[in-house]
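Participant: To be precise about what I am sending: the file is called work.txt and holds compact mmCIF, N, CA and C atoms.
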```
# COMPACT_ATOMS: atom_id res chain seq x y z
N MET S 1 16.33 3.98 -3.21
CA MET S 1 15.38 4.85 -3.87
C MET S 1 13.98 4.42 -3.44
N VAL S 2 13.19 5.36 -3.00
CA VAL S 2 11.83 5.07 -2.55
C VAL S 2 10.85 5.64 -3.57
N PHE S 3 9.91 4.79 -3.97
CA PHE S 3 8.88 5.18 -4.93
C PHE S 3 7.51 4.94 -4.31
N LYS S 4 6.68 5.96 -4.25
CA LYS S 4 5.28 5.84 -3.83
C LYS S 4 4.47 5.78 -5.11
N ILE S 5 3.80 4.66 -5.32
CA ILE S 5 3.05 4.46 -6.56
C ILE S 5 1.61 4.12 -6.21
N ASP S 6 0.69 4.96 -6.63
CA ASP S 6 -0.71 4.76 -6.30
C ASP S 6 -1.33 3.65 -7.13
N PHE S 7 -2.37 3.05 -6.58
CA PHE S 7 -3.01 1.87 -7.17
C PHE S 7 -3.46 2.06 -8.62
N PRO S 8 -4.05 3.18 -9.01
CA PRO S 8 -4.51 3.28 -10.40
C PRO S 8 -3.40 3.04 -11.42
N VAL S 9 -2.17 3.33 -11.06
CA VAL S 9 -1.05 3.11 -11.97
C VAL S 9 -0.93 1.63 -12.34
N THR S 10 -1.31 0.73 -11.41
CA THR S 10 -1.16 -0.71 -11.67
C THR S 10 -2.09 -1.19 -12.77
N GLY S 11 -3.11 -0.43 -13.10
CA GLY S 11 -4.02 -0.80 -14.18
C GLY S 11 -3.67 -0.20 -15.52
N HIS S 12 -2.64 0.65 -15.55
CA HIS S 12 -2.24 1.30 -16.79
C HIS S 12 -1.55 0.29 -17.71
N PRO S 13 -1.76 0.41 -19.02
CA PRO S 13 -1.12 -0.54 -19.96
C PRO S 13 0.41 -0.56 -19.88
N LEU S 14 1.02 0.52 -19.42
CA LEU S 14 2.48 0.57 -19.34
C LEU S 14 3.01 0.21 -17.94
N PHE S 15 2.13 -0.28 -17.07
CA PHE S 15 2.56 -0.62 -15.71
C PHE S 15 3.72 -1.62 -15.71
N LEU S 16 3.60 -2.70 -16.48
CA LEU S 16 4.67 -3.70 -16.48
C LEU S 16 5.98 -3.14 -17.02
N SER S 17 5.91 -2.19 -17.94
CA SER S 17 7.14 -1.54 -18.42
C SER S 17 7.80 -0.75 -17.30
N MET S 18 6.98 -0.08 -16.49
CA MET S 18 7.52 0.67 -15.36
C MET S 18 8.17 -0.28 -14.35
N VAL S 19 7.52 -1.42 -14.09
CA VAL S 19 8.08 -2.40 -13.16
C VAL S 19 9.40 -2.93 -13.70
N LYS S 20 9.49 -3.15 -14.99
CA LYS S 20 10.75 -3.60 -15.58
C LYS S 20 11.85 -2.55 -15.39
N ASP S 21 11.49 -1.28 -15.51
CA ASP S 21 12.46 -0.21 -15.26
C ASP S 21 12.93 -0.22 -13.81
N LEU S 22 11.99 -0.42 -12.88
CA LEU S 22 12.36 -0.50 -11.46
C LEU S 22 13.23 -1.73 -11.21
N ALA S 23 12.90 -2.83 -11.88
CA ALA S 23 13.70 -4.05 -11.75
C ALA S 23 15.12 -3.81 -12.27
N LEU S 24 15.24 -3.07 -13.35
CA LEU S 24 16.56 -2.75 -13.90
C LEU S 24 17.38 -1.94 -12.90
N LEU S 25 16.72 -0.99 -12.22
CA LEU S 25 17.42 -0.24 -11.18
C LEU S 25 17.94 -1.19 -10.10
N ALA S 26 17.09 -2.13 -9.68
CA ALA S 26 17.50 -3.10 -8.65
C ALA S 26 18.65 -3.97 -9.14
N GLN S 27 18.58 -4.39 -10.39
CA GLN S 27 19.63 -5.26 -10.94
C GLN S 27 20.97 -4.53 -11.10
N THR S 28 20.93 -3.21 -11.19
CA THR S 28 22.17 -2.45 -11.32
C THR S 28 22.73 -2.01 -9.97
N GLY S 29 22.07 -2.45 -8.88
CA GLY S 29 22.62 -2.21 -7.56
C GLY S 29 21.87 -1.21 -6.69
N PHE S 30 20.90 -0.55 -7.24
CA PHE S 30 20.10 0.37 -6.41
C PHE S 30 19.20 -0.45 -5.49
N ARG S 31 19.02 0.04 -4.29
CA ARG S 31 18.06 -0.57 -3.37
C ARG S 31 16.74 0.14 -3.59
N VAL S 32 15.79 -0.60 -4.13
CA VAL S 32 14.50 -0.03 -4.52
C VAL S 32 13.46 -0.38 -3.47
N VAL S 33 12.76 0.62 -2.98
CA VAL S 33 11.66 0.43 -2.04
C VAL S 33 10.42 1.01 -2.69
N ILE S 34 9.37 0.21 -2.77
CA ILE S 34 8.11 0.67 -3.34
C ILE S 34 7.08 0.75 -2.24
N VAL S 35 6.42 1.87 -2.16
CA VAL S 35 5.31 2.07 -1.22
C VAL S 35 4.05 2.08 -2.08
N PRO S 36 3.35 0.94 -2.13
CA PRO S 36 2.17 0.88 -3.00
C PRO S 36 0.97 1.56 -2.34
N GLY S 37 0.44 2.57 -3.01
CA GLY S 37 -0.76 3.22 -2.52
C GLY S 37 -1.96 2.31 -2.75
N ALA S 38 -2.86 2.26 -1.79
CA ALA S 38 -4.01 1.36 -1.91
C ALA S 38 -5.35 2.06 -1.74
N LYS S 39 -5.36 3.37 -1.61
CA LYS S 39 -6.61 4.07 -1.31
C LYS S 39 -7.72 3.72 -2.28
N GLU S 40 -7.46 3.81 -3.57
CA GLU S 40 -8.49 3.56 -4.57
C GLU S 40 -8.94 2.09 -4.55
N CYS S 41 -8.00 1.18 -4.32
CA CYS S 41 -8.33 -0.23 -4.21
C CYS S 41 -9.20 -0.47 -2.98
N ILE S 42 -8.86 0.16 -1.86
CA ILE S 42 -9.67 0.06 -0.65
C ILE S 42 -11.07 0.58 -0.92
N ASP S 43 -11.17 1.74 -1.57
CA ASP S 43 -12.48 2.31 -1.91
C ASP S 43 -13.32 1.32 -2.71
N ASP S 44 -12.72 0.71 -3.74
CA ASP S 44 -13.44 -0.23 -4.61
C ASP S 44 -13.91 -1.46 -3.85
N ILE S 45 -13.02 -2.02 -3.03
CA ILE S 45 -13.37 -3.24 -2.30
C ILE S 45 -14.44 -2.96 -1.25
N LEU S 46 -14.32 -1.86 -0.53
CA LEU S 46 -15.35 -1.52 0.46
C LEU S 46 -16.71 -1.30 -0.21
N LYS S 47 -16.69 -0.61 -1.34
CA LYS S 47 -17.93 -0.37 -2.07
C LYS S 47 -18.55 -1.69 -2.54
N ALA S 48 -17.72 -2.59 -3.04
CA ALA S 48 -18.21 -3.90 -3.52
C ALA S 48 -18.85 -4.72 -2.40
N HIS S 49 -18.42 -4.47 -1.16
CA HIS S 49 -18.96 -5.20 -0.01
C HIS S 49 -19.93 -4.35 0.81
N ALA S 50 -20.41 -3.28 0.20
CA ALA S 50 -21.43 -2.40 0.79
C ALA S 50 -21.03 -1.85 2.16
N ILE S 51 -19.74 -1.52 2.29
CA ILE S 51 -19.26 -0.88 3.52
C ILE S 51 -19.01 0.59 3.21
N THR S 52 -19.72 1.44 3.90
CA THR S 52 -19.60 2.88 3.69
C THR S 52 -18.53 3.45 4.61
N SER S 53 -17.68 4.26 4.03
CA SER S 53 -16.63 4.90 4.82
C SER S 53 -17.06 6.29 5.22
N ASN S 54 -16.79 6.64 6.46
CA ASN S 54 -16.95 8.00 6.93
C ASN S 54 -15.56 8.61 7.07
N TYR S 55 -15.50 9.92 7.00
CA TYR S 55 -14.22 10.62 7.05
C TYR S 55 -14.27 11.73 8.08
N LYS S 56 -13.14 11.97 8.69
CA LYS S 56 -12.91 13.15 9.53
C LYS S 56 -11.83 13.92 8.78
N GLY S 57 -12.24 14.98 8.11
CA GLY S 57 -11.30 15.66 7.22
C GLY S 57 -10.99 14.73 6.06
N SER S 58 -9.72 14.48 5.82
CA SER S 58 -9.32 13.58 4.73
C SER S 58 -8.98 12.17 5.23
N VAL S 59 -9.20 11.91 6.52
CA VAL S 59 -8.83 10.61 7.10
C VAL S 59 -10.06 9.70 7.16
N ARG S 60 -9.92 8.53 6.56
CA ARG S 60 -10.98 7.53 6.60
C ARG S 60 -11.10 6.98 8.03
N ILE S 61 -12.31 6.88 8.54
CA ILE S 61 -12.54 6.24 9.83
C ILE S 61 -12.72 4.75 9.53
N THR S 62 -11.71 3.97 9.88
CA THR S 62 -11.71 2.55 9.55
C THR S 62 -12.36 1.77 10.68
N THR S 63 -13.49 1.16 10.37
CA THR S 63 -14.24 0.39 11.37
C THR S 63 -13.71 -1.03 11.45
N ALA S 64 -14.11 -1.74 12.50
CA ALA S 64 -13.71 -3.14 12.66
C ALA S 64 -14.22 -3.98 11.49
N ASP S 65 -15.42 -3.67 10.99
CA ASP S 65 -15.97 -4.40 9.85
C ASP S 65 -15.14 -4.19 8.58
N ALA S 66 -14.51 -3.03 8.46
CA ALA S 66 -13.75 -2.70 7.26
C ALA S 66 -12.34 -3.28 7.26
N ILE S 67 -11.79 -3.55 8.44
CA ILE S 67 -10.38 -3.97 8.54
C ILE S 67 -10.01 -5.14 7.62
N PRO S 68 -10.76 -6.25 7.59
CA PRO S 68 -10.35 -7.35 6.70
C PRO S 68 -10.29 -6.94 5.23
N PHE S 69 -11.18 -6.04 4.84
CA PHE S 69 -11.21 -5.60 3.45
C PHE S 69 -10.08 -4.62 3.15
N VAL S 70 -9.73 -3.80 4.12
CA VAL S 70 -8.59 -2.90 3.98
C VAL S 70 -7.31 -3.72 3.84
N GLN S 71 -7.18 -4.76 4.65
CA GLN S 71 -6.01 -5.64 4.56
C GLN S 71 -5.96 -6.33 3.20
N MET S 72 -7.12 -6.79 2.73
CA MET S 72 -7.19 -7.46 1.43
C MET S 72 -6.74 -6.50 0.32
N ALA S 73 -7.20 -5.28 0.37
CA ALA S 73 -6.85 -4.30 -0.66
C ALA S 73 -5.36 -3.96 -0.62
N ALA S 74 -4.82 -3.79 0.58
CA ALA S 74 -3.39 -3.47 0.71
C ALA S 74 -2.53 -4.61 0.17
N PHE S 75 -2.90 -5.84 0.50
CA PHE S 75 -2.14 -6.99 0.00
C PHE S 75 -2.27 -7.10 -1.51
N HIS S 76 -3.46 -6.88 -2.03
CA HIS S 76 -3.67 -6.94 -3.47
C HIS S 76 -2.79 -5.91 -4.19
N SER S 77 -2.74 -4.70 -3.66
CA SER S 77 -1.90 -3.66 -4.26
C SER S 77 -0.44 -4.07 -4.28
N ALA S 78 0.05 -4.60 -3.17
CA ALA S 78 1.46 -5.00 -3.08
C ALA S 78 1.78 -6.17 -4.01
N THR S 79 0.87 -7.12 -4.12
CA THR S 79 1.16 -8.30 -4.95
C THR S 79 1.19 -7.97 -6.43
N ARG S 80 0.56 -6.89 -6.84
CA ARG S 80 0.65 -6.49 -8.25
C ARG S 80 2.12 -6.21 -8.61
N PHE S 81 2.85 -5.60 -7.67
CA PHE S 81 4.26 -5.32 -7.90
C PHE S 81 5.08 -6.60 -7.82
N MET S 82 4.76 -7.45 -6.86
CA MET S 82 5.50 -8.71 -6.70
C MET S 82 5.42 -9.54 -7.98
N THR S 83 4.25 -9.60 -8.56
CA THR S 83 4.06 -10.36 -9.80
C THR S 83 4.92 -9.78 -10.92
N GLY S 84 4.94 -8.47 -11.01
CA GLY S 84 5.77 -7.83 -12.03
C GLY S 84 7.25 -8.09 -11.84
N PHE S 85 7.71 -8.05 -10.59
CA PHE S 85 9.13 -8.31 -10.32
C PHE S 85 9.51 -9.76 -10.59
N SER S 86 8.60 -10.68 -10.32
CA SER S 86 8.93 -12.08 -10.58
C SER S 86 9.15 -12.31 -12.07
N GLY S 87 8.43 -11.57 -12.91
CA GLY S 87 8.63 -11.67 -14.35
C GLY S 87 9.99 -11.15 -14.79
N SER S 88 10.59 -10.30 -13.99
CA SER S 88 11.92 -9.76 -14.30
C SER S 88 13.02 -10.47 -13.52
N ARG S 89 12.65 -11.52 -12.82
CA ARG S 89 13.60 -12.32 -12.04
C ARG S 89 14.33 -11.47 -10.99
N VAL S 90 13.59 -10.60 -10.34
CA VAL S 90 14.12 -9.76 -9.27
C VAL S 90 13.47 -10.20 -7.96
N ASP S 91 14.29 -10.49 -6.95
CA ASP S 91 13.75 -10.86 -5.65
C ASP S 91 13.08 -9.65 -5.00
N ALA S 92 11.95 -9.91 -4.36
CA ALA S 92 11.22 -8.84 -3.69
C ALA S 92 10.52 -9.43 -2.47
N VAL S 93 10.26 -8.58 -1.49
CA VAL S 93 9.55 -9.01 -0.28
C VAL S 93 8.47 -7.98 0.06
N ILE S 94 7.41 -8.50 0.66
CA ILE S 94 6.40 -7.63 1.25
C ILE S 94 6.64 -7.71 2.74
N GLY S 95 6.70 -6.58 3.39
CA GLY S 95 7.00 -6.62 4.81
C GLY S 95 6.27 -5.56 5.60
N ASN S 96 6.39 -5.72 6.90
CA ASN S 96 5.81 -4.73 7.81
C ASN S 96 6.95 -3.85 8.33
N PHE S 97 7.39 -2.97 7.48
CA PHE S 97 8.51 -2.10 7.79
C PHE S 97 8.06 -0.76 8.35
N VAL S 98 6.77 -0.65 8.62
CA VAL S 98 6.19 0.59 9.13
C VAL S 98 5.36 0.25 10.37
N ARG S 99 5.50 1.05 11.40
CA ARG S 99 4.66 0.89 12.59
C ARG S 99 3.69 2.07 12.62
N ALA S 100 2.44 1.76 12.86
CA ALA S 100 1.43 2.80 12.98
C ALA S 100 0.80 2.71 14.36
N ARG S 101 0.30 3.82 14.81
CA ARG S 101 -0.41 3.92 16.10
C ARG S 101 -1.80 4.44 15.83
N GLY S 102 -2.76 3.94 16.62
CA GLY S 102 -4.12 4.45 16.52
C GLY S 102 -4.14 5.93 16.83
N ILE S 103 -5.00 6.67 16.13
CA ILE S 103 -5.03 8.11 16.37
C ILE S 103 -6.11 8.51 17.38
N GLY S 104 -6.89 7.53 17.84
CA GLY S 104 -7.81 7.79 18.95
C GLY S 104 -8.99 8.65 18.61
N VAL S 105 -9.27 9.62 19.46
CA VAL S 105 -10.42 10.51 19.31
C VAL S 105 -9.92 11.89 18.90
N ILE S 106 -10.51 12.40 17.83
CA ILE S 106 -10.14 13.73 17.34
C ILE S 106 -11.41 14.59 17.29
N GLY S 107 -11.39 15.67 18.04
CA GLY S 107 -12.53 16.58 18.04
C GLY S 107 -13.84 15.90 18.39
N GLY S 108 -13.78 14.92 19.29
CA GLY S 108 -14.99 14.21 19.69
C GLY S 108 -15.37 13.05 18.79
N THR S 109 -14.61 12.81 17.72
CA THR S 109 -14.89 11.69 16.81
C THR S 109 -13.93 10.56 17.07
N ASP S 110 -14.47 9.38 17.37
CA ASP S 110 -13.65 8.18 17.55
C ASP S 110 -13.17 7.72 16.17
N MET S 111 -11.87 7.72 15.97
CA MET S 111 -11.30 7.34 14.68
C MET S 111 -11.19 5.82 14.52
N GLU S 112 -11.67 5.09 15.51
CA GLU S 112 -11.71 3.63 15.53
C GLU S 112 -10.34 3.04 15.21
N HIS S 113 -10.21 2.34 14.08
CA HIS S 113 -8.96 1.64 13.76
C HIS S 113 -8.04 2.42 12.83
N SER S 114 -8.33 3.70 12.64
CA SER S 114 -7.47 4.54 11.80
C SER S 114 -6.18 4.83 12.55
N GLY S 115 -5.08 4.92 11.82
CA GLY S 115 -3.80 5.15 12.47
C GLY S 115 -2.95 6.13 11.70
N ALA S 116 -1.84 6.44 12.30
CA ALA S 116 -0.84 7.32 11.68
C ALA S 116 0.52 6.64 11.81
N VAL S 117 1.36 6.85 10.83
CA VAL S 117 2.70 6.25 10.85
C VAL S 117 3.46 6.79 12.04
N ASP S 118 4.03 5.86 12.81
CA ASP S 118 4.78 6.21 14.00
C ASP S 118 6.28 6.00 13.79
N LYS S 119 6.63 4.98 12.98
CA LYS S 119 8.05 4.66 12.82
C LYS S 119 8.25 3.86 11.54
N PHE S 120 9.40 4.11 10.91
CA PHE S 120 9.85 3.29 9.78
C PHE S 120 11.01 2.44 10.26
N TYR S 121 10.97 1.16 9.99
CA TYR S 121 12.07 0.26 10.37
C TYR S 121 13.09 0.20 9.23
N THR S 122 13.86 1.27 9.12
CA THR S 122 14.80 1.39 8.02
C THR S 122 15.92 0.36 8.10
N GLU S 123 16.30 -0.06 9.31
CA GLU S 123 17.38 -1.04 9.43
C GLU S 123 17.00 -2.37 8.78
N SER S 124 15.70 -2.70 8.79
CA SER S 124 15.23 -3.94 8.15
C SER S 124 15.26 -3.83 6.64
N LEU S 125 15.11 -2.63 6.14
CA LEU S 125 15.13 -2.44 4.69
C LEU S 125 16.55 -2.55 4.17
```
Could you quickly redo this structure as C-alpha cells?

Facilitator:
Amino acid sequence: MVFKIDFPVTGHPLFLSMVKDLALLAQTGFRVVIVPGAKECIDDILKAHAITSNYKGSVRITTADAIPFVQMAAFHSATRFMTGFSGSRVDAVIGNFVRARGIGVIGGTDMEHSGAVDKFYTESL
C-alpha cells in the first residue's frame, strides 16, 4: 500500500494516531510505503534562509544554493515518520527508491537542478 502524505499533516495533533494506524497495517502483513511530501517544509526552510524560489509553471527552479536546504527539508519530512514508527516498534527505512533526471531547459528557462521522476526501484521495496 502506497501513501502520499504531505508535510502539513505531520504537524496535526492526530498525526501520531495516523502513524499508529499505518504501523498496525504493517504489523498485520501489509507492505506499507510512505511517500512524504516535503513542498511546504522546503518552502519554510528556504524562506528561513532567505532563498527565493522561482517557478516555471508549477515547477520550482532549484538552484545550487537551494540544494542543501531542499535535502534538509526532505530528510526532516521523512524522519517525522521514522520517529512515529519507532514508537510503534515497526521497522522502517529511508531509501533512494526513486531515480530522477534533470529536466534541463524548458522554453528557454534553465531549470537548473530541478528534476522529474524517471524510475521507481520497486524490486528494492

Participant: As a list in words, please: every residue in chain S that a backbone DSSP assignment puts in strand (DSSP E).

Facilitator: Val2, Phe3, Lys4, Ile5, Val33, Ile34, Val35, Pro36, Asn54, Tyr55, Lys56, Val59, Arg60, Ile61, Val98, Arg99, Ala100, Arg101, Gly102, Val105, Ile106, Thr109, Asp110, Gly115, Ala116, Val117, Asp118, Lys119 and Phe120 of chain S

Participant: Compare S:Met18, S:Ile51, S:Val59, S:Ile34 by their minimum atom-to-atom distance to Ile5 in chain S, counting only N, CA and C atoms, and give me the closest one.

Facilitator: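 Of the candidates, the smallest distance to Ile5 in chain S is held by S:Ile34.
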
Participant: Go ahead and compute the interatomic distance for atom N of Gly108 in chain S and CA of Ala64 in chain S, in Å to one decimal.

Facilitator: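 Answer for the atom N of Gly108 in chain S to CA of Ala64 in chain S separation: 19.2 Å.
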
Participant: Could you check which of S:Thr63, S:Asn96, S:Ser114, S:Ser53 is closest to Ala78 in chain S, using only C-alpha atoms?

Facilitator: S:Asn96

Participant: Could you give me, as number ranges by chain, the residues within 9 Å of range 19-29 of chain S, counting only C-alpha atoms and dropping anything in the same chain fewer than 4 positions from it?

Facilitator: S: 14-15, 81, 84-85, 87-90

Participant: Take CA of Gly102 in chain S and atom N of Gly115 in chain S and report the distance between them in Å, one decimal.

Facilitator: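 That distance, rounded to one decimal, is 4.8 Å.
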
Participant: Let's see if you can do this: from backbone DSSP, list all helix (DSSP H, G or I) residues in chain S, as a ChimeraX atom specification.

Facilitator: /S:7-11,15-27,39-48,67-87

Participant: Restricting the calculation to only C-alpha atoms, which member of S:Gln71, S:Thr83, S:Ser124, S:Thr62 is positioned closest to Glu112 in chain S?

Facilitator: S:Thr62

Participant: With distances taken over all atoms listed in the file, which residue among S:Ala73, S:Ala50, S:Ile61, S:Ile94 lies nearest His113 in chain S?

Facilitator: S:Ile61

Participant: Of the candidates S:Val117, S:Leu16, S:Val9, S:Ile42, which shows the shortest atom-to-atom distance to Phe97 in chain S, using only C-alpha atoms?

Facilitator: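 Among the listed residues, the smallest separation from Phe97 in chain S belongs to S:Val117.
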
Participant: Around all the atoms of range 108-114 of chain S listed in the file, with 5 Å of room on each side, what axis-aligned box do you get, giving centre and edge lengths in Å to one decimal, as AutoDock Vina command-line options?

Facilitator:
```
--center_x -10.8 --center_y 8.3 --center_z 15.7 --size_x 19.2 --size_y 23.3 --size_z 17.9
```

Participant: Ranking S:Leu46, S:Val98, S:Ala74, S:Ile106 by minimum distance to Lys119 in chain S and counting all atoms listed in the file, which one comes first?

Facilitator: S:Val98

Participant: Using atom C of Asp118 in chain S and atom C of Gly104 in chain S as the two end points, give the distance in Å to one decimal.

Facilitator: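 Atom-to-atom, atom C of Asp118 in chain S and atom C of Gly104 in chain S are spaced 16.2 Å apart.
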
Participant: How would range 62-72 of chain S read, as a compact mmCIF listing (two decimals), in the coordinates of the input, once all heavy atoms are built in?

Facilitator:
```txt
# COMPACT_ATOMS: atom_id res chain seq x y z
N THR S 62 -11.71 3.97 9.88
CA THR S 62 -11.71 2.55 9.55
C THR S 62 -12.36 1.77 10.68
O THR S 62 -11.83 1.70 11.79
CB THR S 62 -10.27 2.05 9.31
OG1 THR S 62 -9.66 2.89 8.32
CG2 THR S 62 -10.27 0.62 8.83
N THR S 63 -13.49 1.16 10.37
CA THR S 63 -14.24 0.39 11.37
C THR S 63 -13.71 -1.03 11.45
O THR S 63 -12.99 -1.51 10.56
CB THR S 63 -15.73 0.34 10.99
OG1 THR S 63 -15.86 -0.35 9.73
CG2 THR S 63 -16.33 1.73 10.88
N ALA S 64 -14.11 -1.74 12.50
CA ALA S 64 -13.71 -3.14 12.66
C ALA S 64 -14.22 -3.98 11.49
O ALA S 64 -13.53 -4.90 11.03
CB ALA S 64 -14.24 -3.68 13.99
N ASP S 65 -15.42 -3.67 10.99
CA ASP S 65 -15.97 -4.40 9.85
C ASP S 65 -15.14 -4.19 8.58
O ASP S 65 -15.09 -5.06 7.72
CB ASP S 65 -17.41 -3.97 9.57
CG ASP S 65 -18.38 -4.40 10.65
OD1 ASP S 65 -18.05 -5.32 11.44
OD2 ASP S 65 -19.48 -3.81 10.71
N ALA S 66 -14.51 -3.03 8.46
CA ALA S 66 -13.75 -2.70 7.26
C ALA S 66 -12.34 -3.28 7.26
O ALA S 66 -11.75 -3.48 6.20
CB ALA S 66 -13.68 -1.19 7.08
N ILE S 67 -11.79 -3.55 8.44
CA ILE S 67 -10.38 -3.97 8.54
C ILE S 67 -10.01 -5.14 7.62
O ILE S 67 -9.02 -5.06 6.90
CB ILE S 67 -9.98 -4.28 10.02
CG1 ILE S 67 -9.87 -2.99 10.81
CG2 ILE S 67 -8.70 -5.09 10.13
CD1 ILE S 67 -8.66 -2.15 10.46
N PRO S 68 -10.76 -6.25 7.59
CA PRO S 68 -10.35 -7.35 6.70
C PRO S 68 -10.29 -6.94 5.23
O PRO S 68 -9.44 -7.41 4.48
CB PRO S 68 -11.43 -8.43 6.92
CG PRO S 68 -12.09 -8.08 8.20
CD PRO S 68 -11.94 -6.60 8.37
N PHE S 69 -11.18 -6.04 4.84
CA PHE S 69 -11.21 -5.60 3.45
C PHE S 69 -10.08 -4.62 3.15
O PHE S 69 -9.53 -4.62 2.05
CB PHE S 69 -12.58 -4.99 3.13
CG PHE S 69 -13.69 -5.98 3.32
CD1 PHE S 69 -14.52 -5.90 4.43
CD2 PHE S 69 -13.89 -7.02 2.42
CE1 PHE S 69 -15.53 -6.82 4.63
CE2 PHE S 69 -14.89 -7.94 2.61
CZ PHE S 69 -15.73 -7.85 3.72
N VAL S 70 -9.73 -3.80 4.12
CA VAL S 70 -8.59 -2.90 3.98
C VAL S 70 -7.31 -3.72 3.84
O VAL S 70 -6.47 -3.45 2.97
CB VAL S 70 -8.50 -1.92 5.17
CG1 VAL S 70 -7.19 -1.15 5.16
CG2 VAL S 70 -9.69 -0.96 5.16
N GLN S 71 -7.18 -4.76 4.65
CA GLN S 71 -6.01 -5.64 4.56
C GLN S 71 -5.96 -6.33 3.20
O GLN S 71 -4.89 -6.44 2.58
CB GLN S 71 -6.03 -6.68 5.68
CG GLN S 71 -5.81 -6.08 7.05
CD GLN S 71 -6.08 -7.07 8.17
OE1 GLN S 71 -6.89 -8.00 8.05
NE2 GLN S 71 -5.40 -6.87 9.29
N MET S 72 -7.12 -6.79 2.73
CA MET S 72 -7.19 -7.46 1.43
C MET S 72 -6.74 -6.50 0.32
O MET S 72 -5.95 -6.88 -0.56
CB MET S 72 -8.63 -7.92 1.16
CG MET S 72 -8.82 -8.59 -0.17
SD MET S 72 -10.55 -8.91 -0.68
CE MET S 72 -11.44 -9.08 0.82
```
